[in-house]
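Asker: my_file_36.pdb is reproduced in full below (PDB, C-alpha atoms and all ligand atoms).
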```
ATOM      1  CA  MET A  28      -3.338  -7.881  17.737  1.00  0.00           C
ATOM      2  CA  GLN A  29      -0.544  -8.133  20.328  1.00  0.00           C
ATOM      3  CA  GLU A  30      -1.276  -5.984  23.405  1.00  0.00           C
ATOM      4  CA  PHE A  31       1.575  -4.758  25.618  1.00  0.00           C
ATOM      5  CA  SER A  32       1.405  -3.425  29.170  1.00  0.00           C
ATOM      6  CA  ASN A  33       3.433  -0.317  28.329  1.00  0.00           C
ATOM      7  CA  LYS A  34       5.358   1.454  25.527  1.00  0.00           C
ATOM      8  CA  HIS A  35       8.710   0.020  26.591  1.00  0.00           C
ATOM      9  CA  ALA A  36       7.438  -3.558  26.229  1.00  0.00           C
ATOM     10  CA  LEU A  37       5.919  -2.691  22.855  1.00  0.00           C
ATOM     11  CA  ILE A  38       9.150  -1.092  21.590  1.00  0.00           C
ATOM     12  CA  ALA A  39      11.223  -4.092  22.736  1.00  0.00           C
ATOM     13  CA  ALA A  40       8.886  -6.515  20.981  1.00  0.00           C
ATOM     14  CA  VAL A  41       8.794  -4.558  17.703  1.00  0.00           C
ATOM     15  CA  VAL A  42      12.588  -4.166  17.602  1.00  0.00           C
ATOM     16  CA  SER A  43      13.125  -7.858  18.391  1.00  0.00           C
ATOM     17  CA  ASP A  44      10.675  -8.875  15.663  1.00  0.00           C
ATOM     18  CA  LEU A  45      12.263  -6.485  13.163  1.00  0.00           C
ATOM     19  CA  GLN A  46      15.700  -7.972  13.844  1.00  0.00           C
ATOM     20  CA  LYS A  47      14.360 -11.506  13.302  1.00  0.00           C
ATOM     21  CA  GLU A  48      12.542 -10.420  10.125  1.00  0.00           C
ATOM     22  CA  PHE A  49      15.677  -8.750   8.744  1.00  0.00           C
ATOM     23  CA  GLU A  50      17.758 -11.869   9.430  1.00  0.00           C
ATOM     24  CA  HIS A  51      15.140 -14.019   7.716  1.00  0.00           C
ATOM     25  CA  VAL A  52      15.165 -11.837   4.588  1.00  0.00           C
ATOM     26  CA  LEU A  53      18.976 -11.737   4.534  1.00  0.00           C
ATOM     27  CA  SER A  54      19.076 -15.536   4.408  1.00  0.00           C
ATOM     28  CA  SER A  55      17.986 -15.236   0.766  1.00  0.00           C
ATOM     29  CA  GLU A  56      18.478 -11.587  -0.275  1.00  0.00           C
ATOM     30  CA  LYS A  57      21.512  -9.277  -0.350  1.00  0.00           C
ATOM     31  CA  GLU A  58      19.629  -6.432   1.330  1.00  0.00           C
ATOM     32  CA  VAL A  59      16.420  -5.848   3.279  1.00  0.00           C
ATOM     33  CA  ARG A  60      14.120  -3.195   1.853  1.00  0.00           C
ATOM     34  CA  VAL A  61      12.038  -1.491   4.534  1.00  0.00           C
ATOM     35  CA  LEU A  62       9.532   1.373   4.402  1.00  0.00           C
ATOM     36  CA  LEU A  63       8.996   3.310   7.627  1.00  0.00           C
ATOM     37  CA  SER A  64       6.224   5.682   8.666  1.00  0.00           C
ATOM     38  CA  GLY A  65       6.727   9.028  10.332  1.00  0.00           C
ATOM     39  CA  GLY A  66       4.575  10.720  12.938  1.00  0.00           C
ATOM     40  CA  SER A  67       5.147  10.859  16.692  1.00  0.00           C
ATOM     41  CA  THR A  68       4.725   7.191  17.676  1.00  0.00           C
ATOM     42  CA  PRO A  69       7.537   5.282  15.965  1.00  0.00           C
ATOM     43  CA  GLY A  70      10.536   7.519  16.844  1.00  0.00           C
ATOM     44  CA  PRO A  71      11.455   5.542  20.010  1.00  0.00           C
ATOM     45  CA  ILE A  72      11.238   2.312  17.988  1.00  0.00           C
ATOM     46  CA  TYR A  73      13.678   3.673  15.404  1.00  0.00           C
ATOM     47  CA  ARG A  74      16.105   4.903  18.075  1.00  0.00           C
ATOM     48  CA  ALA A  75      16.054   1.474  19.761  1.00  0.00           C
ATOM     49  CA  LEU A  76      16.535  -0.210  16.370  1.00  0.00           C
ATOM     50  CA  SER A  77      19.492   2.086  15.684  1.00  0.00           C
ATOM     51  CA  ASN A  78      21.128   0.902  18.919  1.00  0.00           C
ATOM     52  CA  GLU A  79      20.254  -2.793  18.768  1.00  0.00           C
ATOM     53  CA  CYS A  80      19.941  -3.970  15.164  1.00  0.00           C
ATOM     54  CA  THR A  81      23.006  -5.943  14.032  1.00  0.00           C
ATOM     55  CA  CYS A  82      22.406  -5.735  10.292  1.00  0.00           C
ATOM     56  CA  LEU A  83      21.638  -2.073   9.617  1.00  0.00           C
ATOM     57  CA  ASP A  84      24.423  -2.014   7.017  1.00  0.00           C
ATOM     58  CA  ARG A  85      22.345  -4.415   4.917  1.00  0.00           C
ATOM     59  CA  VAL A  86      19.048  -2.529   5.163  1.00  0.00           C
ATOM     60  CA  LEU A  87      17.757   0.032   2.667  1.00  0.00           C
ATOM     61  CA  PHE A  88      15.230   2.262   4.443  1.00  0.00           C
ATOM     62  CA  GLY A  89      12.622   4.308   2.616  1.00  0.00           C
ATOM     63  CA  LEU A  90       9.588   6.271   3.729  1.00  0.00           C
ATOM     64  CA  VAL A  91       5.993   5.071   3.631  1.00  0.00           C
ATOM     65  CA  ASP A  92       5.007   8.681   3.224  1.00  0.00           C
ATOM     66  CA  GLU A  93       6.275  12.222   3.591  1.00  0.00           C
ATOM     67  CA  ARG A  94       5.166  15.745   4.049  1.00  0.00           C
ATOM     68  CA  TYR A  95       6.067  17.792   0.966  1.00  0.00           C
ATOM     69  CA  VAL A  96       8.341  20.139   2.914  1.00  0.00           C
ATOM     70  CA  SER A  97      12.086  20.792   3.075  1.00  0.00           C
ATOM     71  CA  VAL A  98      14.025  17.931   4.652  1.00  0.00           C
ATOM     72  CA  GLU A  99      15.196  20.468   7.217  1.00  0.00           C
ATOM     73  CA  SER A 100      11.618  21.171   8.298  1.00  0.00           C
ATOM     74  CA  GLU A 101      10.425  20.056  11.738  1.00  0.00           C
ATOM     75  CA  PHE A 102       7.565  18.311   9.855  1.00  0.00           C
ATOM     76  CA  SER A 103       9.879  16.196   7.660  1.00  0.00           C
ATOM     77  CA  ASN A 104       9.649  12.415   8.150  1.00  0.00           C
ATOM     78  CA  GLU A 105      13.055  12.061   6.510  1.00  0.00           C
ATOM     79  CA  ARG A 106      14.508  14.408   9.132  1.00  0.00           C
ATOM     80  CA  LEU A 107      12.853  12.284  11.860  1.00  0.00           C
ATOM     81  CA  LEU A 108      14.442   9.094  10.528  1.00  0.00           C
ATOM     82  CA  ARG A 109      17.882  10.655  10.045  1.00  0.00           C
ATOM     83  CA  GLU A 110      17.805  11.967  13.628  1.00  0.00           C
ATOM     84  CA  CYS A 111      16.736   8.568  14.999  1.00  0.00           C
ATOM     85  CA  PHE A 112      19.551   6.729  13.187  1.00  0.00           C
ATOM     86  CA  GLU A 113      22.297   9.340  13.513  1.00  0.00           C
ATOM     87  CA  MET A 114      23.983   7.479  16.408  1.00  0.00           C
ATOM     88  CA  ALA A 115      23.911   4.102  14.640  1.00  0.00           C
ATOM     89  CA  PRO A 116      27.298   2.284  14.606  1.00  0.00           C
ATOM     90  CA  VAL A 117      27.162   2.042  10.788  1.00  0.00           C
ATOM     91  CA  LYS A 118      26.043   4.419   8.039  1.00  0.00           C
ATOM     92  CA  VAL A 119      22.305   3.853   7.577  1.00  0.00           C
ATOM     93  CA  ARG A 120      20.901   4.218   4.047  1.00  0.00           C
ATOM     94  CA  ILE A 121      17.672   6.220   4.042  1.00  0.00           C
ATOM     95  CA  GLU A 122      16.000   7.079   0.737  1.00  0.00           C
ATOM     96  CA  GLY A 123      13.925  10.207   1.186  1.00  0.00           C
ATOM     97  CA  MET A 124      10.925  11.354  -0.855  1.00  0.00           C
ATOM     98  CA  VAL A 125      11.644  15.056  -1.264  1.00  0.00           C
ATOM     99  CA  HIS A 126      14.343  15.716  -3.842  1.00  0.00           C
ATOM    100  CA  ASP A 127      12.937  19.017  -5.098  1.00  0.00           C
ATOM    101  CA  SER A 128      10.721  20.907  -2.657  1.00  0.00           C
ATOM    102  CA  ASP A 129       9.869  23.562  -5.266  1.00  0.00           C
ATOM    103  CA  ASP A 130       8.650  21.483  -8.238  1.00  0.00           C
ATOM    104  CA  LEU A 131       6.113  18.751  -7.500  1.00  0.00           C
ATOM    105  CA  GLU A 132       6.223  17.163 -10.972  1.00  0.00           C
ATOM    106  CA  LEU A 133      10.036  17.129 -11.132  1.00  0.00           C
ATOM    107  CA  ASN A 134      10.087  15.676  -7.638  1.00  0.00           C
ATOM    108  CA  MET A 135       7.780  12.874  -8.707  1.00  0.00           C
ATOM    109  CA  GLU A 136      10.007  12.009 -11.693  1.00  0.00           C
ATOM    110  CA  GLN A 137      13.039  11.789  -9.390  1.00  0.00           C
ATOM    111  CA  LEU A 138      11.031   9.868  -6.798  1.00  0.00           C
ATOM    112  CA  GLU A 139       9.840   7.175  -9.220  1.00  0.00           C
ATOM    113  CA  LEU A 140      13.517   6.450 -10.021  1.00  0.00           C
ATOM    114  CA  ALA A 141      14.686   6.587  -6.391  1.00  0.00           C
ATOM    115  CA  TYR A 142      11.889   4.239  -5.214  1.00  0.00           C
ATOM    116  CA  ALA A 143      12.314   1.696  -8.006  1.00  0.00           C
ATOM    117  CA  PRO A 144      13.937  -0.779  -5.549  1.00  0.00           C
ATOM    118  CA  PHE A 145      10.870  -0.596  -3.278  1.00  0.00           C
ATOM    119  CA  ILE A 146       8.494  -0.953  -6.226  1.00  0.00           C
ATOM    120  CA  GLU A 147      10.486  -4.025  -7.255  1.00  0.00           C
ATOM    121  CA  ARG A 148      10.488  -5.528  -3.785  1.00  0.00           C
ATOM    122  CA  THR A 149       9.583  -4.275  -0.338  1.00  0.00           C
ATOM    123  CA  ASP A 150      10.234  -6.738   2.469  1.00  0.00           C
ATOM    124  CA  LEU A 151       8.694  -4.913   5.400  1.00  0.00           C
ATOM    125  CA  VAL A 152       6.517  -1.877   6.038  1.00  0.00           C
ATOM    126  CA  LEU A 153       5.933  -0.257   9.434  1.00  0.00           C
ATOM    127  CA  LEU A 154       2.651   1.660   9.561  1.00  0.00           C
ATOM    128  CA  GLY A 155       1.062   3.992  12.070  1.00  0.00           C
ATOM    129  CA  MET A 156      -2.544   5.164  12.106  1.00  0.00           C
ATOM    130  CA  GLY A 157      -4.156   8.518  12.727  1.00  0.00           C
ATOM    131  CA  ASN A 158      -7.234   9.069  14.880  1.00  0.00           C
ATOM    132  CA  ASP A 159      -9.153   9.658  11.633  1.00  0.00           C
ATOM    133  CA  GLY A 160      -8.225   6.170  10.457  1.00  0.00           C
ATOM    134  CA  HIS A 161      -5.619   7.333   7.955  1.00  0.00           C
ATOM    135  CA  PHE A 162      -2.440   5.346   7.427  1.00  0.00           C
ATOM    136  CA  ALA A 163       0.572   6.369   5.382  1.00  0.00           C
ATOM    137  CA  SER A 164      -0.786   9.562   3.816  1.00  0.00           C
ATOM    138  CA  MET A 165      -4.118   8.193   2.675  1.00  0.00           C
ATOM    139  CA  PHE A 166      -6.813  10.234   4.373  1.00  0.00           C
ATOM    140  CA  PRO A 167     -10.610  10.126   4.541  1.00  0.00           C
ATOM    141  CA  ASN A 168     -12.483  12.626   2.337  1.00  0.00           C
ATOM    142  CA  ASP A 169      -9.568  13.212  -0.037  1.00  0.00           C
ATOM    143  CA  SER A 170     -10.016  12.143  -3.698  1.00  0.00           C
ATOM    144  CA  ALA A 171      -6.296  11.569  -4.282  1.00  0.00           C
ATOM    145  CA  SER A 172      -6.182   9.384  -1.159  1.00  0.00           C
ATOM    146  CA  GLU A 173      -9.189   7.438  -2.449  1.00  0.00           C
ATOM    147  CA  GLU A 174      -7.349   6.867  -5.732  1.00  0.00           C
ATOM    148  CA  ALA A 175      -4.188   5.805  -3.850  1.00  0.00           C
ATOM    149  CA  LEU A 176      -6.240   3.374  -1.744  1.00  0.00           C
ATOM    150  CA  HIS A 177      -7.808   1.575  -4.711  1.00  0.00           C
ATOM    151  CA  ALA A 178      -5.344   1.804  -7.621  1.00  0.00           C
ATOM    152  CA  SER A 179      -4.122  -1.649  -8.644  1.00  0.00           C
ATOM    153  CA  GLU A 180      -0.714  -0.415  -9.898  1.00  0.00           C
ATOM    154  CA  LYS A 181       2.083   0.111  -7.347  1.00  0.00           C
ATOM    155  CA  LYS A 182       2.946   3.815  -7.404  1.00  0.00           C
ATOM    156  CA  LEU A 183       3.741   6.949  -5.468  1.00  0.00           C
ATOM    157  CA  SER A 184       0.968   9.507  -5.098  1.00  0.00           C
ATOM    158  CA  TYR A 185       0.419  13.060  -3.966  1.00  0.00           C
ATOM    159  CA  THR A 186      -2.413  13.471  -1.477  1.00  0.00           C
ATOM    160  CA  THR A 187      -3.848  16.177   0.757  1.00  0.00           C
ATOM    161  CA  ALA A 188      -3.929  15.977   4.539  1.00  0.00           C
ATOM    162  CA  PRO A 189      -6.597  17.750   6.599  1.00  0.00           C
ATOM    163  CA  ASN A 190      -3.919  19.394   8.710  1.00  0.00           C
ATOM    164  CA  HIS A 191      -0.694  21.313   8.078  1.00  0.00           C
ATOM    165  CA  PRO A 192       1.431  20.351   6.212  1.00  0.00           C
ATOM    166  CA  LYS A 193      -1.344  19.503   3.755  1.00  0.00           C
ATOM    167  CA  ASP A 194       0.757  18.473   0.739  1.00  0.00           C
ATOM    168  CA  ARG A 195       1.772  14.845   1.167  1.00  0.00           C
ATOM    169  CA  ILE A 196       3.572  12.129  -0.792  1.00  0.00           C
ATOM    170  CA  THR A 197       2.683   8.493  -0.158  1.00  0.00           C
ATOM    171  CA  CYS A 198       3.320   4.983  -1.310  1.00  0.00           C
ATOM    172  CA  ASN A 199      -0.103   3.841  -2.469  1.00  0.00           C
ATOM    173  CA  ALA A 200      -1.972   0.915  -0.908  1.00  0.00           C
ATOM    174  CA  ALA A 201      -0.961  -1.467  -3.714  1.00  0.00           C
ATOM    175  CA  MET A 202       2.721  -0.727  -3.057  1.00  0.00           C
ATOM    176  CA  ILE A 203       2.327  -1.204   0.703  1.00  0.00           C
ATOM    177  CA  SER A 204       0.169  -4.290   0.294  1.00  0.00           C
ATOM    178  CA  ALA A 205       2.827  -5.915  -1.912  1.00  0.00           C
ATOM    179  CA  ALA A 206       5.250  -5.979   1.029  1.00  0.00           C
ATOM    180  CA  LYS A 207       6.001  -9.411   2.479  1.00  0.00           C
ATOM    181  CA  THR A 208       5.396  -8.253   6.047  1.00  0.00           C
ATOM    182  CA  ILE A 209       3.446  -5.318   7.441  1.00  0.00           C
ATOM    183  CA  TYR A 210       3.553  -4.050  11.027  1.00  0.00           C
ATOM    184  CA  LEU A 211       0.942  -1.637  12.385  1.00  0.00           C
ATOM    185  CA  VAL A 212       1.885   0.127  15.619  1.00  0.00           C
ATOM    186  CA  ILE A 213      -0.824   1.977  17.530  1.00  0.00           C
ATOM    187  CA  THR A 214      -0.987   3.453  21.010  1.00  0.00           C
ATOM    188  CA  GLY A 215      -3.946   4.656  23.044  1.00  0.00           C
ATOM    189  CA  THR A 216      -7.461   3.339  23.550  1.00  0.00           C
ATOM    190  CA  GLU A 217      -8.981   5.843  21.082  1.00  0.00           C
ATOM    191  CA  LYS A 218      -6.967   4.433  18.173  1.00  0.00           C
ATOM    192  CA  ARG A 219      -7.804   0.879  19.223  1.00  0.00           C
ATOM    193  CA  GLU A 220     -11.519   1.662  19.267  1.00  0.00           C
ATOM    194  CA  ILE A 221     -11.286   3.298  15.834  1.00  0.00           C
ATOM    195  CA  LEU A 222      -9.325   0.334  14.441  1.00  0.00           C
ATOM    196  CA  MET A 223     -11.855  -2.181  15.800  1.00  0.00           C
ATOM    197  CA  ASN A 224     -14.847  -0.224  14.438  1.00  0.00           C
ATOM    198  CA  THR A 225     -14.618  -1.587  10.895  1.00  0.00           C
ATOM    199  CA  ALA A 226     -18.114  -0.261  10.089  1.00  0.00           C
ATOM    200  CA  LEU A 227     -16.529   3.196   9.832  1.00  0.00           C
ATOM    201  CA  LYS A 228     -14.874   2.045   6.565  1.00  0.00           C
ATOM    202  CA  LEU A 229     -11.969   4.425   7.109  1.00  0.00           C
ATOM    203  CA  PRO A 230      -8.793   4.070   5.009  1.00  0.00           C
ATOM    204  CA  ILE A 231      -7.222   1.636   7.491  1.00  0.00           C
ATOM    205  CA  HIS A 232     -10.342  -0.559   7.391  1.00  0.00           C
ATOM    206  CA  GLN A 233     -10.331  -0.605   3.597  1.00  0.00           C
ATOM    207  CA  PHE A 234      -6.661  -1.605   3.692  1.00  0.00           C
ATOM    208  CA  LEU A 235      -7.251  -4.344   6.250  1.00  0.00           C
ATOM    209  CA  GLU A 236      -9.652  -5.938   3.746  1.00  0.00           C
ATOM    210  CA  GLN A 237      -6.629  -6.299   1.413  1.00  0.00           C
ATOM    211  CA  ARG A 238      -4.156  -7.454   4.072  1.00  0.00           C
ATOM    212  CA  LEU A 239      -5.731  -9.312   6.991  1.00  0.00           C
ATOM    213  CA  ASP A 240      -2.283 -10.543   8.090  1.00  0.00           C
ATOM    214  CA  LEU A 241      -1.000  -7.243   9.503  1.00  0.00           C
ATOM    215  CA  HIS A 242       1.107  -7.684  12.653  1.00  0.00           C
ATOM    216  CA  ILE A 243      -0.611  -5.253  15.033  1.00  0.00           C
ATOM    217  CA  TYR A 244       1.267  -3.992  18.099  1.00  0.00           C
ATOM    218  CA  TYR A 245      -0.825  -2.096  20.637  1.00  0.00           C
ATOM    219  CA  THR A 246      -0.461  -0.549  24.056  1.00  0.00           C
ATOM    220  CA  ALA A 247      -3.016   1.575  25.879  1.00  0.00           C
ATOM    221  CA  LEU A 248      -0.373   3.734  27.603  1.00  0.00           C
TER     222      LEU A 248
HETATM  223  C1  LIG A 301       2.875  10.829   9.025  1.00  0.00           C
HETATM  224  C2  LIG A 301       2.817   9.339   9.194  1.00  0.00           C
HETATM  225  C3  LIG A 301       1.396   8.963   9.434  1.00  0.00           C
HETATM  226  C4  LIG A 301       1.354   8.445  10.838  1.00  0.00           C
HETATM  227  C5  LIG A 301       0.007   8.651  11.444  1.00  0.00           C
HETATM  228  C6  LIG A 301       0.052   8.366  12.930  1.00  0.00           C
HETATM  229  O1  LIG A 301       3.512  11.315   8.082  1.00  0.00           O
HETATM  230  O2  LIG A 301       2.299  11.487   9.907  1.00  0.00           O
HETATM  231  O3  LIG A 301       3.440   8.595   8.281  1.00  0.00           O
HETATM  232  O4  LIG A 301       0.823   8.059   8.576  1.00  0.00           O
HETATM  233  O5  LIG A 301       1.697   7.071  10.871  1.00  0.00           O
HETATM  234  O6  LIG A 301      -0.350  10.018  11.238  1.00  0.00           O
HETATM  235  O7  LIG A 301       0.870   9.342  13.498  1.00  0.00           O
HETATM  236  P1  LIG A 301       1.197   9.320  15.073  1.00  0.00           P
HETATM  237  O8  LIG A 301       2.096   8.137  15.270  1.00  0.00           O
HETATM  238  O9  LIG A 301       1.882  10.630  15.278  1.00  0.00           O
HETATM  239  O10 LIG A 301      -0.124   9.194  15.768  1.00  0.00           O
END
```
Once you've parsed the file, please lay out its structure as structure tokens.
Answerer:
Amino acid sequence: MQEFSNKHALIAAVVSDLQKEFEHVLSSEKEVRVLLSGGSTPGPIYRALSNECTCLDRVLFGLVDERYVSVESEFSNERLLRECFEMAPVKVRIEGMVHDSDDLELNMEQLELAYAPFIERTDLVLLGMGNDGHFASMFPNDSASEEALHASEKKLSYTTAPNHPKDRITCNAAMISAAKTIYLVITGTEKREILMNTALKLPIHQFLEQRLDLHIYYTAL
């Protein structure tokens, strides 16, 4: 775990590391395939990346997870990403997860096709973590989340969050774990204490057993 004295130092470090990681991937691949989380923490990172990254035109961004709401909704992770990258100097490719907000099954069919590149190869995933130890949209005490945590096949799943909006879509743990590089960004002492308390066996702890090499970025402030 890398600890930073404040959020600005953390953001600068994550953006610098992302740039280096993208350049490394581009030395052998035509494009970098990146899955980003939503929530309230990573927005400043994405805005800084939008301003500073020199290879955004060669990155395909997708979502780690999404709330099953309209992409115009204030709760939409896709909306968050599009807003963060709207001032980028190049057109940024973002593959959303909600193609049909009225028909779950039809949406899943369209999603499996749209996320085929990420199933084939994901280079980097940026995760956050909730105070209940969830990551992506895999929550404690939810059977679909449990299935998504332990399935061996890489796939996209529907899960249920404890809070509104409850209907969620998520890359499952196998899909996330197949990524070359995984960053976990957490802020606040409460999240750090939860993360360190592996005896709680929360979703993040179960995932850490699969991928001990997460790059963890933390600041208390
Ligand atoms: C989401 C995110 C989710 C997030 C955690 C932490 O859709 O909410 O993808 O997994 O990373 O909930 O969220 P905060 O950064 O807001 O604490």
Asker: Hey, which residues come within 7 Å of ligand LIG 301 (chain A) if we count all atoms listed in the file? Could you give them as a tab-separated table (two decimals) with C-alpha atoms, in the coordinates of the input?
Answerer:
```tsv
chain	number	residue	atom	x	y	z
A	64	SER	CA	6.22	5.68	8.67
A	65	GLY	CA	6.73	9.03	10.33
A	66	GLY	CA	4.58	10.72	12.94
A	67	SER	CA	5.15	10.86	16.69
A	68	THR	CA	4.72	7.19	17.68
A	69	PRO	CA	7.54	5.28	15.96
A	91	VAL	CA	5.99	5.07	3.63
A	92	ASP	CA	5.01	8.68	3.22
A	93	GLU	CA	6.28	12.22	3.59
A	94	ARG	CA	5.17	15.74	4.05
A	104	ASN	CA	9.65	12.42	8.15
A	154	LEU	CA	2.65	1.66	9.56
A	155	GLY	CA	1.06	3.99	12.07
A	156	MET	CA	-2.54	5.16	12.11
A	157	GLY	CA	-4.16	8.52	12.73
A	161	HIS	CA	-5.62	7.33	7.96
A	162	PHE	CA	-2.44	5.35	7.43
A	163	ALA	CA	0.57	6.37	5.38
A	164	SER	CA	-0.79	9.56	3.82
```
Asker: Going by the chain IDs and residue numbers used in this file, which residues fall under the PyMOL selection byres (((chain A and resi 44-51) around 10) and not hetatm)? Write them as a list in words.
Answerer: Ile38, Ala39, Ala40, Val41, Val42, Ser43, Val52, Leu53, Ser54, Ser55, Glu56, Glu58, Val59, Arg60, Val61, Leu76, Glu79, Cys80, Thr81, Cys82, Leu83, Arg85, Val86, Asp150, Leu151, Leu153, Thr208 and Tyr210 of chain A
Asker: Just C-alpha atoms for this one: save the residues we selected as a PDB file, keeping the file's coordinate frame.
Answerer:
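So out27.pdb came out as:
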```pdb
ATOM      1  CA  ILE A  38       9.150  -1.092  21.590  1.00  0.00           C
ATOM      2  CA  ALA A  39      11.223  -4.092  22.736  1.00  0.00           C
ATOM      3  CA  ALA A  40       8.886  -6.515  20.981  1.00  0.00           C
ATOM      4  CA  VAL A  41       8.794  -4.558  17.703  1.00  0.00           C
ATOM      5  CA  VAL A  42      12.588  -4.166  17.602  1.00  0.00           C
ATOM      6  CA  SER A  43      13.125  -7.858  18.391  1.00  0.00           C
ATOM      7  CA  VAL A  52      15.165 -11.837   4.588  1.00  0.00           C
ATOM      8  CA  LEU A  53      18.976 -11.737   4.534  1.00  0.00           C
ATOM      9  CA  SER A  54      19.076 -15.536   4.408  1.00  0.00           C
ATOM     10  CA  SER A  55      17.986 -15.236   0.766  1.00  0.00           C
ATOM     11  CA  GLU A  56      18.478 -11.587  -0.275  1.00  0.00           C
ATOM     12  CA  GLU A  58      19.629  -6.432   1.330  1.00  0.00           C
ATOM     13  CA  VAL A  59      16.420  -5.848   3.279  1.00  0.00           C
ATOM     14  CA  ARG A  60      14.120  -3.195   1.853  1.00  0.00           C
ATOM     15  CA  VAL A  61      12.038  -1.491   4.534  1.00  0.00           C
ATOM     16  CA  LEU A  76      16.535  -0.210  16.370  1.00  0.00           C
ATOM     17  CA  GLU A  79      20.254  -2.793  18.768  1.00  0.00           C
ATOM     18  CA  CYS A  80      19.941  -3.970  15.164  1.00  0.00           C
ATOM     19  CA  THR A  81      23.006  -5.943  14.032  1.00  0.00           C
ATOM     20  CA  CYS A  82      22.406  -5.735  10.292  1.00  0.00           C
ATOM     21  CA  LEU A  83      21.638  -2.073   9.617  1.00  0.00           C
ATOM     22  CA  ARG A  85      22.345  -4.415   4.917  1.00  0.00           C
ATOM     23  CA  VAL A  86      19.048  -2.529   5.163  1.00  0.00           C
ATOM     24  CA  ASP A 150      10.234  -6.738   2.469  1.00  0.00           C
ATOM     25  CA  LEU A 151       8.694  -4.913   5.400  1.00  0.00           C
ATOM     26  CA  LEU A 153       5.933  -0.257   9.434  1.00  0.00           C
ATOM     27  CA  THR A 208       5.396  -8.253   6.047  1.00  0.00           C
ATOM     28  CA  TYR A 210       3.553  -4.050  11.027  1.00  0.00           C
TER      29      TYR A 210
END
```
Asker: How many Å lie between atom CA of A:Leu227 and atom CA of A:Gln29, rounded to one decimal?
Answerer: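 One can read the atom CA of A:Leu227 to atom CA of A:Gln29 distance as 22.2 Å.
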Asker: Quick check, in Å to one decimal: how far apart do atom CA of A:Asp159 and atom CA of A:Leu229 lie?
Answerer: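 These two atoms are separated by 7.5 Å.
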Asker: Show me, as a PDB file with C-alpha atoms, keeping the file's coordinate frame, the residues that have an atom within 10 Å of A:Val152 when counting all atoms listed in the file, minus same-chain residues fewer than 3 positions from it.
Answerer:
```
ATOM      1  CA  ARG A  60      14.120  -3.195   1.853  1.00  0.00           C
ATOM      2  CA  VAL A  61      12.038  -1.491   4.534  1.00  0.00           C
ATOM      3  CA  LEU A  62       9.532   1.373   4.402  1.00  0.00           C
ATOM      4  CA  LEU A  63       8.996   3.310   7.627  1.00  0.00           C
ATOM      5  CA  SER A  64       6.224   5.682   8.666  1.00  0.00           C
ATOM      6  CA  PHE A  88      15.230   2.262   4.443  1.00  0.00           C
ATOM      7  CA  GLY A  89      12.622   4.308   2.616  1.00  0.00           C
ATOM      8  CA  LEU A  90       9.588   6.271   3.729  1.00  0.00           C
ATOM      9  CA  VAL A  91       5.993   5.071   3.631  1.00  0.00           C
ATOM     10  CA  THR A 149       9.583  -4.275  -0.338  1.00  0.00           C
ATOM     11  CA  MET A 202       2.721  -0.727  -3.057  1.00  0.00           C
ATOM     12  CA  ILE A 203       2.327  -1.204   0.703  1.00  0.00           C
ATOM     13  CA  SER A 204       0.169  -4.290   0.294  1.00  0.00           C
ATOM     14  CA  ALA A 205       2.827  -5.915  -1.912  1.00  0.00           C
ATOM     15  CA  ALA A 206       5.250  -5.979   1.029  1.00  0.00           C
ATOM     16  CA  LYS A 207       6.001  -9.411   2.479  1.00  0.00           C
ATOM     17  CA  THR A 208       5.396  -8.253   6.047  1.00  0.00           C
ATOM     18  CA  ILE A 209       3.446  -5.318   7.441  1.00  0.00           C
ATOM     19  CA  TYR A 210       3.553  -4.050  11.027  1.00  0.00           C
ATOM     20  CA  LEU A 211       0.942  -1.637  12.385  1.00  0.00           C
ATOM     21  CA  LEU A 241      -1.000  -7.243   9.503  1.00  0.00           C
TER      22      LEU A 241
END
```
Asker: Would you write out, as a short mmCIF file (atom, residue, chain, number, x, y, z; two decimals) with C-alpha atoms, in the frame of the given file, every residue that the PyMOL selection byres (((chain A and resi 195) around 8) and not hetatm) captures in this file?
Answerer:
```cif
data_model
loop_
_atom_site.label_atom_id
_atom_site.label_comp_id
_atom_site.auth_asym_id
_atom_site.auth_seq_id
_atom_site.Cartn_x
_atom_site.Cartn_y
_atom_site.Cartn_z
CA ASP A 92 5.01 8.68 3.22
CA GLU A 93 6.28 12.22 3.59
CA ARG A 94 5.17 15.74 4.05
CA TYR A 95 6.07 17.79 0.97
CA SER A 164 -0.79 9.56 3.82
CA TYR A 185 0.42 13.06 -3.97
CA THR A 186 -2.41 13.47 -1.48
CA THR A 187 -3.85 16.18 0.76
CA ALA A 188 -3.93 15.98 4.54
CA PRO A 192 1.43 20.35 6.21
CA LYS A 193 -1.34 19.50 3.76
CA ASP A 194 0.76 18.47 0.74
CA ILE A 196 3.57 12.13 -0.79
CA THR A 197 2.68 8.49 -0.16
#
```
Asker: Hey, can you check how far atom CA of A:Lys34 sits from atom CA of A:Tyr244?
Answerer: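 Interatomic distance here is 10.1 Å.
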Asker: Enumerate, as number ranges by chain, the residues matched when the PyMOL selection byres (((chain A and resi 230) around 9) and not hetatm) is run on the file above.
Answerer: A: 159-162, 165-167, 172-173, 176, 228-229, 231-235
